[in-house]
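Peer 1: Provided herewith: coords.cif, mmCIF, C-alpha atoms.
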data_query
#
loop_
_atom_site.label_atom_id
_atom_site.label_comp_id
_atom_site.auth_asym_id
_atom_site.auth_seq_id
_atom_site.Cartn_x
_atom_site.Cartn_y
_atom_site.Cartn_z
CA MET A 25 -43.75 -61.58 66.07
CA LYS A 26 -43.39 -59.23 63.11
CA PHE A 27 -45.55 -56.59 64.83
CA ALA A 28 -43.54 -56.91 68.04
CA MET A 29 -40.28 -56.47 66.15
CA GLN A 30 -41.63 -53.34 64.46
CA LYS A 31 -42.57 -51.92 67.86
CA ILE A 32 -39.07 -52.63 69.16
CA LEU A 33 -37.53 -50.90 66.15
CA MET A 34 -39.79 -47.89 66.68
CA VAL A 35 -38.82 -47.65 70.36
CA VAL A 36 -35.13 -47.86 69.49
CA ALA A 37 -35.56 -45.17 66.82
CA LEU A 38 -37.34 -42.90 69.30
CA LEU A 39 -34.58 -43.35 71.89
CA CYS A 40 -31.93 -42.58 69.29
CA TRP A 41 -33.86 -39.55 68.13
CA SER A 42 -34.18 -38.26 71.70
CA ALA A 43 -30.39 -38.27 71.92
CA ILE A 44 -30.11 -36.52 68.54
CA VAL A 45 -32.65 -33.86 69.51
CA ALA A 46 -30.64 -33.04 72.61
CA ALA A 47 -27.64 -32.35 70.38
CA LEU A 48 -29.49 -30.41 67.67
CA PRO A 49 -28.50 -26.78 67.19
CA GLN A 50 -30.49 -24.13 69.05
CA ILE A 51 -31.41 -21.32 66.66
CA GLU A 52 -31.37 -17.72 67.83
CA HIS A 53 -32.60 -14.90 65.60
CA TRP A 54 -32.91 -11.13 65.57
CA GLN A 55 -32.73 -8.16 63.20
CA THR A 56 -29.92 -5.72 62.53
CA GLY A 57 -30.52 -2.02 62.96
CA ASN A 58 -31.28 -1.58 59.26
CA GLY A 59 -33.67 -4.51 58.97
CA ALA A 60 -31.65 -7.57 57.91
CA ARG A 61 -32.74 -10.84 59.54
CA VAL A 62 -30.04 -12.76 61.44
CA TYR A 63 -30.04 -16.47 62.37
CA PHE A 64 -27.34 -17.77 64.69
CA VAL A 65 -26.30 -21.19 65.99
CA ALA A 66 -23.50 -21.46 68.54
CA ALA A 67 -21.27 -24.46 67.78
CA HIS A 68 -18.26 -24.63 70.07
CA GLU A 69 -16.77 -27.96 68.98
CA LEU A 70 -14.30 -26.33 66.54
CA PRO A 71 -12.74 -22.83 66.55
CA MET A 72 -14.40 -21.96 63.24
CA VAL A 73 -17.33 -19.95 61.95
CA ASP A 74 -19.40 -20.29 58.78
CA VAL A 75 -21.28 -17.24 57.53
CA GLN A 76 -23.79 -16.94 54.71
CA VAL A 77 -25.37 -13.69 53.59
CA VAL A 78 -28.43 -14.50 51.48
CA PHE A 79 -30.22 -12.01 49.22
CA ASP A 80 -33.59 -12.31 47.51
CA GLY A 81 -31.83 -11.70 44.22
CA GLY A 82 -31.66 -14.99 42.33
CA SER A 83 -32.33 -15.46 38.64
CA ALA A 84 -36.11 -15.27 39.19
CA ARG A 85 -35.47 -11.54 39.79
CA ASP A 86 -33.46 -11.05 36.58
CA ALA A 87 -34.32 -7.95 34.58
CA VAL A 88 -32.04 -9.44 31.89
CA PRO A 89 -31.62 -13.23 32.01
CA GLY A 90 -28.22 -14.09 33.49
CA VAL A 91 -27.65 -10.84 35.41
CA ALA A 92 -28.02 -12.39 38.89
CA ASN A 93 -25.41 -15.02 38.08
CA LEU A 94 -23.02 -12.44 36.65
CA THR A 95 -23.50 -10.12 39.64
CA ALA A 96 -22.67 -12.88 42.13
CA GLY A 97 -19.66 -13.97 40.09
CA LEU A 98 -18.23 -10.45 39.96
CA LEU A 99 -18.51 -9.57 43.66
CA THR A 100 -14.97 -10.73 44.47
CA GLU A 101 -13.41 -9.12 41.36
CA GLY A 102 -12.97 -5.78 43.09
CA ALA A 103 -14.16 -3.84 46.15
CA GLY A 104 -13.18 -0.42 47.44
CA THR A 105 -9.53 0.03 46.49
CA LEU A 106 -8.87 -3.74 46.29
CA ASP A 107 -8.66 -5.65 43.02
CA ALA A 108 -9.36 -9.36 42.61
CA ASP A 109 -5.77 -10.38 43.37
CA ALA A 110 -5.65 -8.30 46.55
CA ILE A 111 -8.96 -9.79 47.74
CA ALA A 112 -7.77 -13.34 47.09
CA GLU A 113 -4.42 -12.70 48.80
CA GLN A 114 -6.22 -11.18 51.80
CA PHE A 115 -8.37 -14.26 52.38
CA ASP A 116 -5.50 -16.67 51.66
CA ALA A 117 -3.31 -14.96 54.23
CA LEU A 118 -6.08 -15.32 56.82
CA GLY A 119 -6.79 -18.96 55.99
CA ALA A 120 -10.36 -17.97 55.13
CA ARG A 121 -12.55 -19.10 52.23
CA ILE A 122 -15.12 -17.03 50.36
CA GLY A 123 -17.68 -18.02 47.77
CA SER A 124 -20.67 -16.56 45.94
CA SER A 125 -23.44 -17.99 43.79
CA ALA A 126 -26.95 -17.35 42.50
CA GLY A 127 -29.74 -19.87 41.96
CA ARG A 128 -33.30 -19.34 40.87
CA ASP A 129 -34.62 -18.16 44.23
CA TYR A 130 -31.69 -16.44 45.92
CA ALA A 131 -28.07 -15.34 45.74
CA SER A 132 -25.62 -15.94 48.56
CA VAL A 133 -22.13 -15.00 49.67
CA SER A 134 -20.33 -17.31 52.11
CA LEU A 135 -17.32 -17.05 54.39
CA ARG A 136 -15.50 -19.66 56.44
CA SER A 137 -12.90 -18.48 58.93
CA LEU A 138 -11.13 -19.43 62.13
CA THR A 139 -12.59 -17.59 65.10
CA ASP A 140 -9.29 -16.18 66.35
CA ALA A 141 -10.05 -12.45 66.40
CA ALA A 142 -6.78 -11.66 64.64
CA LEU A 143 -7.99 -13.74 61.69
CA LEU A 144 -11.77 -13.39 61.86
CA GLN A 145 -11.98 -9.60 62.12
CA PRO A 146 -10.02 -8.77 58.96
CA ALA A 147 -11.87 -11.51 57.08
CA VAL A 148 -15.21 -10.02 58.14
CA ASP A 149 -13.99 -6.52 57.26
CA THR A 150 -13.02 -7.65 53.76
CA LEU A 151 -16.34 -9.42 53.21
CA ALA A 152 -18.19 -6.33 54.46
CA LEU A 153 -16.26 -4.23 51.93
CA ILE A 154 -17.23 -6.67 49.14
CA LEU A 155 -20.89 -6.44 50.12
CA ARG A 156 -21.09 -2.66 50.45
CA ALA A 157 -18.63 -1.43 47.81
CA PRO A 158 -18.09 -3.87 44.94
CA THR A 159 -16.57 -2.12 41.92
CA PHE A 160 -17.53 -4.56 39.16
CA PRO A 161 -14.46 -3.61 37.07
CA ALA A 162 -15.17 -3.28 33.35
CA ALA A 163 -12.38 -5.67 32.38
CA ALA A 164 -13.60 -8.28 34.85
CA PHE A 165 -17.16 -7.84 33.59
CA GLU A 166 -16.09 -8.58 30.01
CA ARG A 167 -13.98 -11.54 31.12
CA GLU A 168 -16.75 -13.08 33.24
CA ARG A 169 -19.35 -12.51 30.55
CA SER A 170 -17.08 -14.24 28.00
CA ARG A 171 -16.62 -17.16 30.38
CA VAL A 172 -20.40 -17.55 30.73
CA GLN A 173 -20.80 -17.41 26.95
CA VAL A 174 -18.25 -20.21 26.56
CA GLY A 175 -20.23 -22.26 29.09
CA LEU A 176 -23.47 -21.63 27.23
CA ARG A 177 -21.93 -22.73 23.93
CA ALA A 178 -20.70 -25.91 25.63
CA GLN A 179 -24.24 -26.58 26.86
CA GLU A 180 -25.48 -26.53 23.28
CA GLN A 181 -23.45 -29.72 22.73
CA ASN A 182 -24.58 -31.34 25.99
CA PRO A 183 -27.86 -33.30 25.67
CA GLY A 184 -28.38 -33.30 29.44
CA ALA A 185 -28.09 -29.50 29.61
CA LEU A 186 -30.37 -29.11 26.58
CA ALA A 187 -32.97 -31.35 28.23
CA ASP A 188 -32.83 -29.43 31.51
CA ARG A 189 -33.27 -26.04 29.83
CA ALA A 190 -36.12 -27.28 27.63
CA PHE A 191 -37.78 -28.90 30.65
CA TYR A 192 -37.89 -25.65 32.63
CA ARG A 193 -39.12 -23.68 29.60
CA ALA A 194 -41.93 -26.18 29.07
CA LEU A 195 -42.85 -26.29 32.76
CA TYR A 196 -42.84 -22.57 33.45
CA GLY A 197 -43.61 -20.77 30.18
CA ALA A 198 -43.64 -17.03 30.93
CA HIS A 199 -42.84 -17.46 34.63
CA PRO A 200 -39.40 -16.23 35.82
CA TYR A 201 -38.40 -19.81 36.70
CA ALA A 202 -38.38 -20.65 32.98
CA GLN A 203 -35.16 -18.74 32.35
CA PRO A 204 -31.90 -20.62 33.02
CA PRO A 205 -29.83 -19.02 35.83
CA LEU A 206 -26.88 -18.59 33.44
CA GLY A 207 -29.10 -16.75 30.97
CA THR A 208 -29.16 -17.43 27.26
CA ALA A 209 -26.62 -16.74 24.53
CA GLN A 210 -28.71 -13.78 23.38
CA SER A 211 -29.36 -12.31 26.84
CA VAL A 212 -25.75 -12.59 28.03
CA ALA A 213 -24.50 -10.99 24.81
CA ALA A 214 -26.86 -8.08 25.50
CA LEU A 215 -25.83 -7.63 29.14
CA LYS A 216 -24.13 -4.38 30.10
CA ARG A 217 -22.14 -3.53 33.21
CA ALA A 218 -24.95 -1.08 34.04
CA ASP A 219 -27.34 -4.05 34.30
CA VAL A 220 -25.10 -5.64 36.93
CA LEU A 221 -24.91 -2.39 38.89
CA ALA A 222 -28.69 -1.99 38.75
CA HIS A 223 -29.26 -5.57 39.96
CA TYR A 224 -26.79 -5.09 42.82
CA ARG A 225 -28.32 -1.78 43.94
CA ARG A 226 -31.85 -3.15 43.83
CA HIS A 227 -31.30 -6.50 45.55
CA TYR A 228 -28.19 -6.31 47.75
CA VAL A 229 -29.87 -4.24 50.45
CA ALA A 230 -30.48 -4.89 54.15
CA ARG A 231 -34.23 -5.56 54.06
CA ASN A 232 -33.61 -8.03 51.28
CA ALA A 233 -30.86 -9.81 53.23
CA ILE A 234 -30.53 -12.69 55.68
CA VAL A 235 -27.36 -13.30 57.69
CA VAL A 236 -26.66 -16.88 58.83
CA ILE A 237 -23.88 -17.47 61.39
CA VAL A 238 -22.83 -20.89 62.70
CA GLY A 239 -19.73 -21.36 64.78
CA ASP A 240 -17.66 -20.93 67.90
CA LEU A 241 -18.99 -17.51 68.90
CA GLN A 242 -20.97 -15.96 71.70
CA ARG A 243 -24.27 -14.25 70.86
CA SER A 244 -22.78 -10.79 71.48
CA THR A 245 -19.93 -11.47 69.04
CA ALA A 246 -22.39 -12.77 66.44
CA GLU A 247 -24.44 -9.59 66.81
CA ARG A 248 -21.38 -7.42 66.16
CA LEU A 249 -20.38 -9.60 63.21
CA ALA A 250 -23.81 -9.27 61.59
CA GLU A 251 -23.84 -5.50 62.06
CA ALA A 252 -20.34 -5.23 60.59
CA LEU A 253 -21.39 -7.22 57.50
CA VAL A 254 -24.73 -5.67 56.58
CA GLY A 255 -25.04 -2.63 58.85
CA PRO A 256 -23.43 -0.35 56.22
CA LEU A 257 -25.82 -1.53 53.48
CA PRO A 258 -28.69 0.76 52.50
CA GLN A 259 -31.97 -0.30 54.05
CA GLY A 260 -33.78 -0.69 50.74
CA THR A 261 -37.05 -2.61 50.41
CA THR A 262 -38.14 -6.25 50.37
CA GLN A 263 -39.08 -7.82 47.05
CA ALA A 264 -42.64 -8.31 45.90
CA PRO A 265 -43.79 -11.95 45.88
CA LEU A 266 -43.05 -13.97 42.76
CA PRO A 267 -46.08 -14.73 40.60
CA ALA A 268 -47.85 -18.03 41.14
CA VAL A 269 -47.03 -20.88 38.78
CA SER A 270 -49.64 -22.12 36.32
CA THR A 271 -49.99 -25.87 35.88
CA PRO A 272 -49.08 -26.70 32.27
CA THR A 273 -51.09 -28.96 30.04
CA GLY A 274 -49.39 -32.24 29.22
CA ASP A 275 -47.02 -31.76 26.29
CA THR A 276 -44.01 -33.43 24.70
CA VAL A 277 -40.90 -31.59 23.55
CA ARG A 278 -38.55 -33.52 21.26
CA ILE A 279 -35.06 -32.22 20.47
CA ASN A 280 -32.97 -34.05 17.92
CA HIS A 281 -29.33 -34.42 18.93
CA PRO A 282 -26.53 -36.52 17.42
CA SER A 283 -26.02 -38.74 20.45
CA SER A 284 -26.15 -42.48 21.02
CA GLN A 285 -28.31 -41.97 24.10
CA THR A 286 -31.60 -40.21 24.67
CA HIS A 287 -32.13 -38.03 27.75
CA ILE A 288 -35.70 -38.09 29.03
CA LEU A 289 -37.25 -35.78 31.64
CA VAL A 290 -40.86 -36.01 32.77
CA GLY A 291 -42.63 -33.84 35.35
CA GLN A 292 -44.70 -30.83 36.34
CA PRO A 293 -44.62 -27.96 38.87
CA VAL A 294 -45.89 -29.22 42.22
CA LEU A 295 -44.29 -28.14 45.48
CA GLN A 296 -43.50 -24.96 47.41
CA ARG A 297 -41.31 -24.84 50.49
CA GLY A 298 -43.49 -25.16 53.57
CA ASP A 299 -46.25 -27.02 51.72
CA PRO A 300 -48.35 -29.21 54.08
CA ASP A 301 -47.87 -32.16 51.71
CA TYR A 302 -44.08 -31.88 51.74
CA PHE A 303 -43.27 -34.77 54.08
CA ALA A 304 -45.78 -37.16 52.48
CA LEU A 305 -44.37 -36.41 49.03
CA TYR A 306 -40.76 -36.49 50.23
CA VAL A 307 -41.05 -39.86 51.96
CA GLY A 308 -43.21 -41.21 49.14
CA ASN A 309 -40.72 -40.17 46.50
CA HIS A 310 -37.91 -41.86 48.41
CA ILE A 311 -39.71 -45.09 47.60
CA LEU A 312 -40.71 -44.14 44.07
CA GLY A 313 -37.39 -42.86 42.72
CA GLY A 314 -35.34 -41.07 45.34
CA SER A 315 -33.45 -43.90 47.02
CA GLY A 316 -31.09 -44.92 44.24
CA LEU A 317 -30.94 -48.48 42.98
CA VAL A 318 -33.58 -49.78 45.41
CA SER A 319 -36.32 -47.38 44.31
CA ARG A 320 -39.29 -48.58 42.29
CA ILE A 321 -38.33 -46.66 39.14
CA SER A 322 -34.77 -47.92 39.21
CA ASP A 323 -35.95 -51.45 39.86
CA GLU A 324 -38.33 -51.40 36.89
CA VAL A 325 -36.04 -49.58 34.45
CA ARG A 326 -32.63 -50.96 35.42
CA GLU A 327 -32.95 -54.18 37.35
CA LYS A 328 -35.86 -55.82 35.55
CA ARG A 329 -35.24 -54.56 32.02
CA GLY A 330 -31.67 -53.27 31.82
CA LEU A 331 -32.77 -50.13 29.97
CA ALA A 332 -30.47 -47.67 31.78
CA TYR A 333 -27.76 -47.44 34.40
CA SER A 334 -29.90 -45.19 36.56
CA ALA A 335 -33.41 -43.77 36.67
CA TYR A 336 -34.73 -41.43 39.34
CA SER A 337 -37.38 -39.02 40.54
CA TYR A 338 -37.39 -36.09 42.95
CA PHE A 339 -39.32 -33.06 44.15
CA MET A 340 -37.53 -29.70 44.23
CA PRO A 341 -39.58 -27.33 46.40
CA MET A 342 -38.98 -23.63 45.75
CA ARG A 343 -40.55 -20.32 46.76
CA GLN A 344 -43.24 -20.94 44.15
CA ALA A 345 -44.15 -24.40 42.89
CA GLY A 346 -40.94 -26.29 42.12
CA PRO A 347 -40.83 -29.34 39.87
CA PHE A 348 -41.56 -32.98 40.35
CA GLN A 349 -39.13 -34.64 37.96
CA MET A 350 -38.49 -38.16 36.71
CA GLY A 351 -35.43 -38.78 34.55
CA VAL A 352 -33.55 -41.44 32.65
CA GLN A 353 -30.75 -41.66 30.11
CA THR A 354 -31.02 -44.65 27.79
CA LYS A 355 -30.05 -45.99 24.36
CA ASN A 356 -31.94 -44.33 21.52
CA GLU A 357 -33.68 -47.57 20.58
CA SER A 358 -34.86 -48.02 24.21
CA ALA A 359 -36.25 -44.51 24.68
CA VAL A 360 -39.91 -45.31 24.08
CA GLU A 361 -39.85 -48.36 26.33
CA ALA A 362 -38.01 -46.56 29.14
CA LEU A 363 -40.48 -43.68 29.03
CA ASP A 364 -43.45 -46.05 29.06
CA VAL A 365 -42.01 -47.95 32.03
CA MET A 366 -41.45 -44.75 34.06
CA ARG A 367 -44.98 -43.52 33.39
CA ALA A 368 -46.53 -46.92 34.18
CA THR A 369 -44.54 -47.14 37.42
CA LEU A 370 -45.78 -43.71 38.48
CA GLN A 371 -49.37 -44.58 37.58
CA ARG A 372 -49.25 -47.79 39.62
CA TYR A 373 -47.65 -46.02 42.58
CA ARG A 374 -50.31 -43.28 42.54
CA SER A 375 -53.00 -45.91 42.52
CA GLU A 376 -51.62 -48.31 45.13
CA GLY A 377 -49.25 -46.27 47.30
CA PRO A 378 -46.29 -47.91 49.05
CA THR A 379 -46.31 -51.25 50.81
CA ALA A 380 -45.83 -51.42 54.57
CA GLU A 381 -42.35 -52.88 54.08
CA GLU A 382 -41.35 -50.12 51.64
CA LEU A 383 -42.53 -47.43 54.06
CA ILE A 384 -40.62 -48.91 57.02
CA ALA A 385 -37.44 -49.19 54.94
CA ALA A 386 -37.78 -45.62 53.61
CA LYS A 387 -38.27 -44.12 57.07
CA LYS A 388 -35.33 -46.07 58.42
CA ASN A 389 -33.11 -44.93 55.57
CA ILE A 390 -34.12 -41.27 55.80
CA THR A 391 -33.94 -40.97 59.57
CA GLY A 392 -30.74 -43.02 59.80
CA GLY A 393 -28.97 -40.72 57.37
CA PHE A 394 -30.32 -37.45 58.73
CA PRO A 395 -27.68 -36.91 61.47
CA LEU A 396 -24.98 -37.07 58.77
CA ASN A 397 -26.71 -34.19 56.98
CA ILE A 398 -26.13 -31.85 59.92
CA ASP A 399 -22.75 -33.04 61.18
CA SER A 400 -20.77 -29.95 60.15
CA ASN A 401 -21.14 -26.20 60.60
CA SER A 402 -21.44 -25.69 56.86
CA ASP A 403 -24.26 -28.26 56.68
CA ILE A 404 -26.11 -26.51 59.48
CA ALA A 405 -25.53 -23.13 57.84
CA GLY A 406 -27.05 -24.46 54.61
CA TYR A 407 -30.15 -25.72 56.40
CA LEU A 408 -30.38 -22.50 58.37
CA ALA A 409 -30.25 -20.42 55.17
CA MET A 410 -33.08 -22.53 53.76
CA ILE A 411 -35.15 -22.21 56.94
CA ALA A 412 -34.62 -18.46 57.05
CA PHE A 413 -35.18 -17.66 53.37
CA TYR A 414 -38.34 -19.75 53.05
CA GLN A 415 -39.52 -18.76 56.54
CA LEU A 416 -39.93 -22.31 57.73
CA PRO A 417 -40.59 -23.01 61.43
CA LEU A 418 -37.50 -22.72 63.60
CA ASP A 419 -38.18 -26.23 64.90
CA TYR A 420 -37.84 -27.66 61.37
CA LEU A 421 -34.68 -29.61 62.22
CA ASP A 422 -35.95 -30.59 65.68
CA ARG A 423 -39.11 -32.14 64.27
CA PHE A 424 -37.76 -33.48 60.96
CA ILE A 425 -37.54 -37.13 62.02
CA GLU A 426 -40.81 -36.91 63.96
CA ARG A 427 -42.56 -35.67 60.81
CA VAL A 428 -40.96 -38.32 58.63
CA ASN A 429 -42.03 -41.07 61.03
CA ALA A 430 -45.59 -39.67 61.17
CA VAL A 431 -46.17 -40.17 57.42
CA SER A 432 -48.59 -42.98 56.60
CA ALA A 433 -48.99 -45.00 53.41
CA GLU A 434 -52.46 -43.52 52.95
CA GLN A 435 -51.09 -39.96 53.24
CA ILE A 436 -48.53 -40.75 50.54
CA ARG A 437 -51.13 -42.24 48.20
CA ASP A 438 -53.50 -39.32 48.81
CA ALA A 439 -50.79 -36.68 48.26
CA PHE A 440 -49.56 -38.26 45.01
CA GLN A 441 -53.11 -38.57 43.70
CA ARG A 442 -53.92 -34.95 44.47
CA ARG A 443 -50.61 -33.34 43.49
CA VAL A 444 -49.17 -35.35 40.57
CA ASP A 445 -51.44 -35.42 37.51
CA PRO A 446 -50.30 -37.91 34.83
CA GLU A 447 -52.42 -36.10 32.24
CA ARG A 448 -50.47 -32.86 32.76
CA LEU A 449 -46.94 -34.22 32.82
CA ILE A 450 -44.44 -32.50 30.54
CA THR A 451 -42.11 -34.85 28.65
CA VAL A 452 -38.79 -33.71 27.17
CA THR A 453 -36.56 -35.99 25.09
CA VAL A 454 -33.14 -35.09 23.67
CA GLY A 455 -31.41 -37.56 21.35
CA ASN A 456 -31.83 -39.53 18.15
CA GLY A 457 -34.65 -41.71 19.40
CA LYS A 458 -38.01 -41.67 17.64
#
Could you write out this structure as structure tokens?
Peer 2:
Amino acid sequence: MKFAMQKILMVVALLCWSAIVAALPQIEHWQTGNGARVYFVAAHELPMVDVQVVFDGGSARDAVPGVANLTAGLLTEGAGTLDADAIAEQFDALGARIGSSAGRDYASVSLRSLTDAALLQPAVDTLALILRAPTFPAAAFERERSRVQVGLRAQEQNPGALADRAFYRALYGAHPYAQPPLGTAQSVAALKRADVLAHYRRHYVARNAIVVIVGDLQRSTAERLAEALVGPLPQGTTQAPLPAVSTPTGDTVRINHPSSQTHILVGQPVLQRGDPDYFALYVGNHILGGSGLVSRISDEVREKRGLAYSAYSYFMPMRQAGPFQMGVQTKNESAVEALDVMRATLQRYRSEGPTAEELIAAKKNITGGFPLNIDSNSDIAGYLAMIAFYQLPLDYLDRFIERVNAVSAEQIRDAFQRRVDPERLITVTVGNGK
């Protein structure tokens, strides 16, 4: 009876997925005349368009730590003859929204606009001006740098931020991923406007760019939009690959902090985007610590022992090996016990793998929630930027649920045993615990 019910559930899931696949976005791609890659999805349900222009210019490319973040933050402070107020008024008048940011792997500039040509064209023209002719005004540079310095000083009083920074330093050592995207107090104080200009000129070029367009447009209009945005940029060159990540030896970093709670992070570099083990580790981690209160780690730490409100684990795949991370925040006097419980839970999971019931529940939860992850143009644009930047297969979204459902308990156990080494886990604690 139980086997028959499982078969029925699988058939229902496949039928539902067939309907979802039929509605999934069809990705078109091409290159602009100067070498930028373009990825386009036509979505005619709403008269809107979401655009992201992604550059291989995140903090891993920093010549001075913090320069990528400062460059992205200053793009809208002035362009051509427009100052920050004029740029903001321009987009407000058009009902458009613009944003910019820089993470470890890449920097991006985004635009959301109505597709009415009277509104879209001037919005695109203004964004194109920002991309090709930012002025990085000296006064704005000093103001933004001061704002970042205030944020960095605030982080010195935040045990969670201290733990995160120490964790990445311990994991990555001399690798570019070790530096925090905001930079450090010392590096930001040393930054000059010339550093921002140099970062912009080196990284904000066509061959280092990806244009993502999702919205109510025809292919021909999307082609013109992409050319208008990045066509005027210099061709430039693509970036050299980032260095490979070395696996650290197991170590413990303790930071004393006057807090009533101890923040604990445990992990190691493991996973690149496109790794063959991705789906086994992703589904497996959903059971271990990625599914909230029903995960194994949360059950052991919170439900059975009441040591913390939440405990979790996740994989963060990046261009080079991103971290596997387990985390908990607990009372100082409970820190040792909470850490021991997390490590023991991981050890047992590596050894045994998930149960059949856990695997069925995880697949159901992941696949049931997936359509909600791609139910808006901005969601699709985010996935498309990821697919394009990390050069994942264009059928990534089409086959996502198929690949999740194909994961077996043995694949999960095998992947965790090969990829997560308990003897090489880095442990960081911040608090007053012993």
Peer 1: When the PyMOL selection byres ((chain A and resi 450) around 9) is applied to the file above, which residues end up in the set, as a PyMOL selection string?
Peer 2: chain A and resi 191+194-195+272-277+289-292+447-449+451-452
Peer 1: Run the PyMOL selection byres ((chain A and resi 136) around 10) against the file shown and list the residues it catches, as a CSV table (one decimal) with C-alpha atoms, in the coordinates of the input.
Peer 2:
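Result file is out.csv:
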chain,number,residue,atom,x,y,z
A,72,MET,CA,-14.4,-22.0,63.2
A,73,VAL,CA,-17.3,-20.0,62.0
A,74,ASP,CA,-19.4,-20.3,58.8
A,75,VAL,CA,-21.3,-17.2,57.5
A,76,GLN,CA,-23.8,-16.9,54.7
A,115,PHE,CA,-8.4,-14.3,52.4
A,119,GLY,CA,-6.8,-19.0,56.0
A,120,ALA,CA,-10.4,-18.0,55.1
A,121,ARG,CA,-12.6,-19.1,52.2
A,122,ILE,CA,-15.1,-17.0,50.4
A,123,GLY,CA,-17.7,-18.0,47.8
A,134,SER,CA,-20.3,-17.3,52.1
A,135,LEU,CA,-17.3,-17.0,54.4
A,137,SER,CA,-12.9,-18.5,58.9
A,138,LEU,CA,-11.1,-19.4,62.1
A,139,THR,CA,-12.6,-17.6,65.1
A,144,LEU,CA,-11.8,-13.4,61.9
A,147,ALA,CA,-11.9,-11.5,57.1
A,148,VAL,CA,-15.2,-10.0,58.1
A,237,ILE,CA,-23.9,-17.5,61.4
A,238,VAL,CA,-22.8,-20.9,62.7
A,239,GLY,CA,-19.7,-21.4,64.8
A,401,ASN,CA,-21.1,-26.2,60.6
A,402,SER,CA,-21.4,-25.7,56.9
Peer 1: Report as a list of chain:residue names all protein, DNA and RNA residues lying within 12 Å of Arg167 in chain A, evaluated on all atoms listed in the file, omitting residues in the same chain fewer than 5 positions from it.
Peer 2: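 Once the nearby chain positions are removed, what remains is A:Leu94, A:Gly97, A:Leu98, A:Glu101, A:Phe160, A:Pro161, A:Ala162, A:Val172, A:Gln173, A:Val174, A:Arg217.
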Peer 1: Could the residues in this selection be written to a file with C-alpha atoms, as an mmCIF file, keeping the file's coordinate frame?
Peer 2:
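Result file result.cif:
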data_model
loop_
_atom_site.group_PDB
_atom_site.id
_atom_site.type_symbol
_atom_site.label_atom_id
_atom_site.label_comp_id
_atom_site.auth_asym_id
_atom_site.auth_seq_id
_atom_site.Cartn_x
_atom_site.Cartn_y
_atom_site.Cartn_z
ATOM 1 C CA LEU A 94 -23.020 -12.440 36.650
ATOM 2 C CA GLY A 97 -19.660 -13.970 40.090
ATOM 3 C CA LEU A 98 -18.230 -10.450 39.960
ATOM 4 C CA GLU A 101 -13.410 -9.120 41.360
ATOM 5 C CA PHE A 160 -17.530 -4.560 39.160
ATOM 6 C CA PRO A 161 -14.460 -3.610 37.070
ATOM 7 C CA ALA A 162 -15.170 -3.280 33.350
ATOM 8 C CA VAL A 172 -20.400 -17.550 30.730
ATOM 9 C CA GLN A 173 -20.800 -17.410 26.950
ATOM 10 C CA VAL A 174 -18.250 -20.210 26.560
ATOM 11 C CA ARG A 217 -22.140 -3.530 33.210
#
Peer 1: For each of A:Arg372, A:Ala185, A:Pro417, A:Ala430, take the minimum atom-to-atom distance to Thr391 in chain A, counting all atoms listed in the file, then give the residue where this is smallest.
Peer 2: A:Ala430
Peer 1: Starting from the shown file, work through the PyMOL selection byres ((chain A and resi 249) around 10) and note down what comes out as a ChimeraX atom specification.
Peer 2: /A:75,144-145,148-149,152,235,237,241,243-248,250-255
Peer 1: Could you produce a table of the residues of range 271-302 of chain A lying within 12 Å of range 326-333 of chain A, with the nearest pair of atoms per residue and their separation in Å rounded to one decimal, using all atoms listed in the file, ordered by chain and increasing residue number, as JSON lines?
Peer 2:
{"residue": "A:Gln285", "atom": "CA", "partner": "A:Ala332", "partner_atom": "CA", "distance": 9.8}
{"residue": "A:Thr286", "atom": "CA", "partner": "A:Ala332", "partner_atom": "CA", "distance": 10.4}
{"residue": "A:His287", "atom": "CA", "partner": "A:Ala332", "partner_atom": "CA", "distance": 10.6}
{"residue": "A:Ile288", "atom": "CA", "partner": "A:Ala332", "partner_atom": "CA", "distance": 11.3}
Peer 1: Find the residues near Arg189 in chain A: any atom within 9 Å, counting all atoms listed in the file, skip ones fewer than 5 places away on the same chain, and give them as JSON, numbers by chain.
Peer 2: {"A": [184, 194, 202, 203, 204]}
Peer 1: Take the residues just selected and output them with C-alpha atoms as a PDB file, in the coordinates of the input.
Peer 2:
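Final output, saved to part.pdb:
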ATOM      1  CA  GLY A 184     -28.380 -33.300  29.440  1.00  0.00           C
ATOM      2  CA  ALA A 194     -41.930 -26.180  29.070  1.00  0.00           C
ATOM      3  CA  ALA A 202     -38.380 -20.650  32.980  1.00  0.00           C
ATOM      4  CA  GLN A 203     -35.160 -18.740  32.350  1.00  0.00           C
ATOM      5  CA  PRO A 204     -31.900 -20.620  33.020  1.00  0.00           C
TER       6      PRO A 204
END
Peer 1: Please provide the set of residues having any atom within 8 Å of Pro205 in chain A, restricted to only C-alpha atoms, with same-chain residues fewer than 5 positions apart removed, written as a count of residues only.
Peer 2: 9
